[in-house]
Amino acid sequence: MAENPTEVAVGAGVIALAVGFLLYAGQITGFSSGASEHYQLTASFRSAEGISTGTDVRLAGVKVGTVTDLDLNRETFRAEAKLTLNSDVVLPDDTAALIASEGLLGGNFVELVPGGSMFNFEDGQVIADTQGSVSLINLLLKFVTGSGDDAGAAQ
């Protein structure tokens, strides 16, 4: 079988492009990162609606990690999220975690709100102060039906 130099060059280019794409995808998902570059925290939410594995974890609007596991705690009936954070992000141990929305039609993410403690989180610790997601459907239903706290106050 005769080799055409053009076919060899195109084949090498396709292989190089595929390897480059795999390296890029590994960096974006955190798959190729070593264990020393990250640490994990656990947050327990009453409702984790809108987040899933791979959801961004943000601090001041900047992505500092991802949700790497989301499971139901069968004893407390709360959603437990494992947050994998960049090791260069050092958080006080009174940091709050809440599920926030990017907007009316945007997706959700986990927002970290740092506290003022002198002590910092270590790998594997639990974030005690959490706030689950707010269901937009439930809010609209309360508004339409007038079942809010001040429904009878105006009459």
# chains A, B, ... in the order shown; residues from 1 in each chain; ligands from 1
>>> closest_atom_pairs(of="stretch 29-105 of chain A", to="stretch 131-141 of chain A", cutoff="6 Å", atoms="only C-alpha atoms", output="tab-separated table")
residue	atom	partner	partner_atom	distance
A:Phe45	CA	A:Gly132	CA	5.0
A:Arg46	CA	A:Gly132	CA	5.4
A:Ser47	CA	A:Gly132	CA	4.8
A:Ala48	CA	A:Gly132	CA	5.8
A:Glu49	CA	A:Ser133	CA	5.9
A:Leu98	CA	A:Gln131	CA	4.5
A:Ile99	CA	A:Ser133	CA	5.1
>>> residues_around(residues="A:Pro114", least_positions_apart="4", cutoff="10 Å", atoms="only C-alpha atoms", output="PDB file with N, CA, C and O atoms, in the first residue's frame")
ATOM      1  N   LEU A  59     -17.222  32.174  44.182  1.00  0.00           N
ATOM      2  CA  LEU A  59     -16.932  33.089  45.270  1.00  0.00           C
ATOM      3  C   LEU A  59     -16.789  34.469  44.636  1.00  0.00           C
ATOM      4  O   LEU A  59     -15.932  34.660  43.763  1.00  0.00           O
ATOM      5  N   ALA A  60     -17.669  35.397  45.004  1.00  0.00           N
ATOM      6  CA  ALA A  60     -17.682  36.741  44.425  1.00  0.00           C
ATOM      7  C   ALA A  60     -17.841  36.694  42.905  1.00  0.00           C
ATOM      8  O   ALA A  60     -17.269  37.510  42.189  1.00  0.00           O
ATOM      9  N   VAL A  90      -8.654  29.874  50.263  1.00  0.00           N
ATOM     10  CA  VAL A  90      -8.706  29.554  51.685  1.00  0.00           C
ATOM     11  C   VAL A  90      -9.912  30.271  52.276  1.00  0.00           C
ATOM     12  O   VAL A  90     -10.005  31.495  52.213  1.00  0.00           O
ATOM     13  N   LEU A  91     -10.852  29.489  52.841  1.00  0.00           N
ATOM     14  CA  LEU A  91     -12.097  30.048  53.341  1.00  0.00           C
ATOM     15  C   LEU A  91     -12.172  29.989  54.860  1.00  0.00           C
ATOM     16  O   LEU A  91     -11.781  28.981  55.460  1.00  0.00           O
ATOM     17  N   PRO A  92     -12.717  31.030  55.504  1.00  0.00           N
ATOM     18  CA  PRO A  92     -12.949  30.963  56.951  1.00  0.00           C
ATOM     19  C   PRO A  92     -13.970  29.870  57.266  1.00  0.00           C
ATOM     20  O   PRO A  92     -14.835  29.567  56.444  1.00  0.00           O
ATOM     21  N   ASP A  93     -13.872  29.294  58.467  1.00  0.00           N
ATOM     22  CA  ASP A  93     -14.745  28.164  58.786  1.00  0.00           C
ATOM     23  C   ASP A  93     -16.181  28.567  59.121  1.00  0.00           C
ATOM     24  O   ASP A  93     -16.997  27.710  59.427  1.00  0.00           O
ATOM     25  N   ASP A  94     -16.522  29.848  59.019  1.00  0.00           N
ATOM     26  CA  ASP A  94     -17.913  30.265  59.163  1.00  0.00           C
ATOM     27  C   ASP A  94     -18.493  30.734  57.827  1.00  0.00           C
ATOM     28  O   ASP A  94     -19.471  31.465  57.771  1.00  0.00           O
ATOM     29  N   THR A  95     -17.908  30.266  56.734  1.00  0.00           N
ATOM     30  CA  THR A  95     -18.391  30.581  55.398  1.00  0.00           C
ATOM     31  C   THR A  95     -19.761  29.941  55.174  1.00  0.00           C
ATOM     32  O   THR A  95     -20.001  28.813  55.601  1.00  0.00           O
ATOM     33  N   ALA A  96     -20.646  30.667  54.507  1.00  0.00           N
ATOM     34  CA  ALA A  96     -21.975  30.149  54.180  1.00  0.00           C
ATOM     35  C   ALA A  96     -21.994  29.683  52.725  1.00  0.00           C
ATOM     36  O   ALA A  96     -21.305  30.243  51.874  1.00  0.00           O
ATOM     37  N   ALA A  97     -22.780  28.647  52.460  1.00  0.00           N
ATOM     38  CA  ALA A  97     -22.972  28.147  51.099  1.00  0.00           C
ATOM     39  C   ALA A  97     -24.454  28.248  50.769  1.00  0.00           C
ATOM     40  O   ALA A  97     -25.289  27.780  51.539  1.00  0.00           O
TER      41      ALA A  97
END
>>> closest_residue(among="A:Leu104, A:Gly124, A:Gly11, A:Gln40", to="A:Leu83", atoms="only C-alpha atoms")
A:Gln40
>>> atom_distance(atom1="atom CA of A:Ser44", atom2="atom CA of A:Gly65")
16.7 Å
>>> closest_residue(among="A:Ile127, A:Val110, A:Val64, A:Ala16", to="A:His38", atoms="only C-alpha atoms")
A:Val64
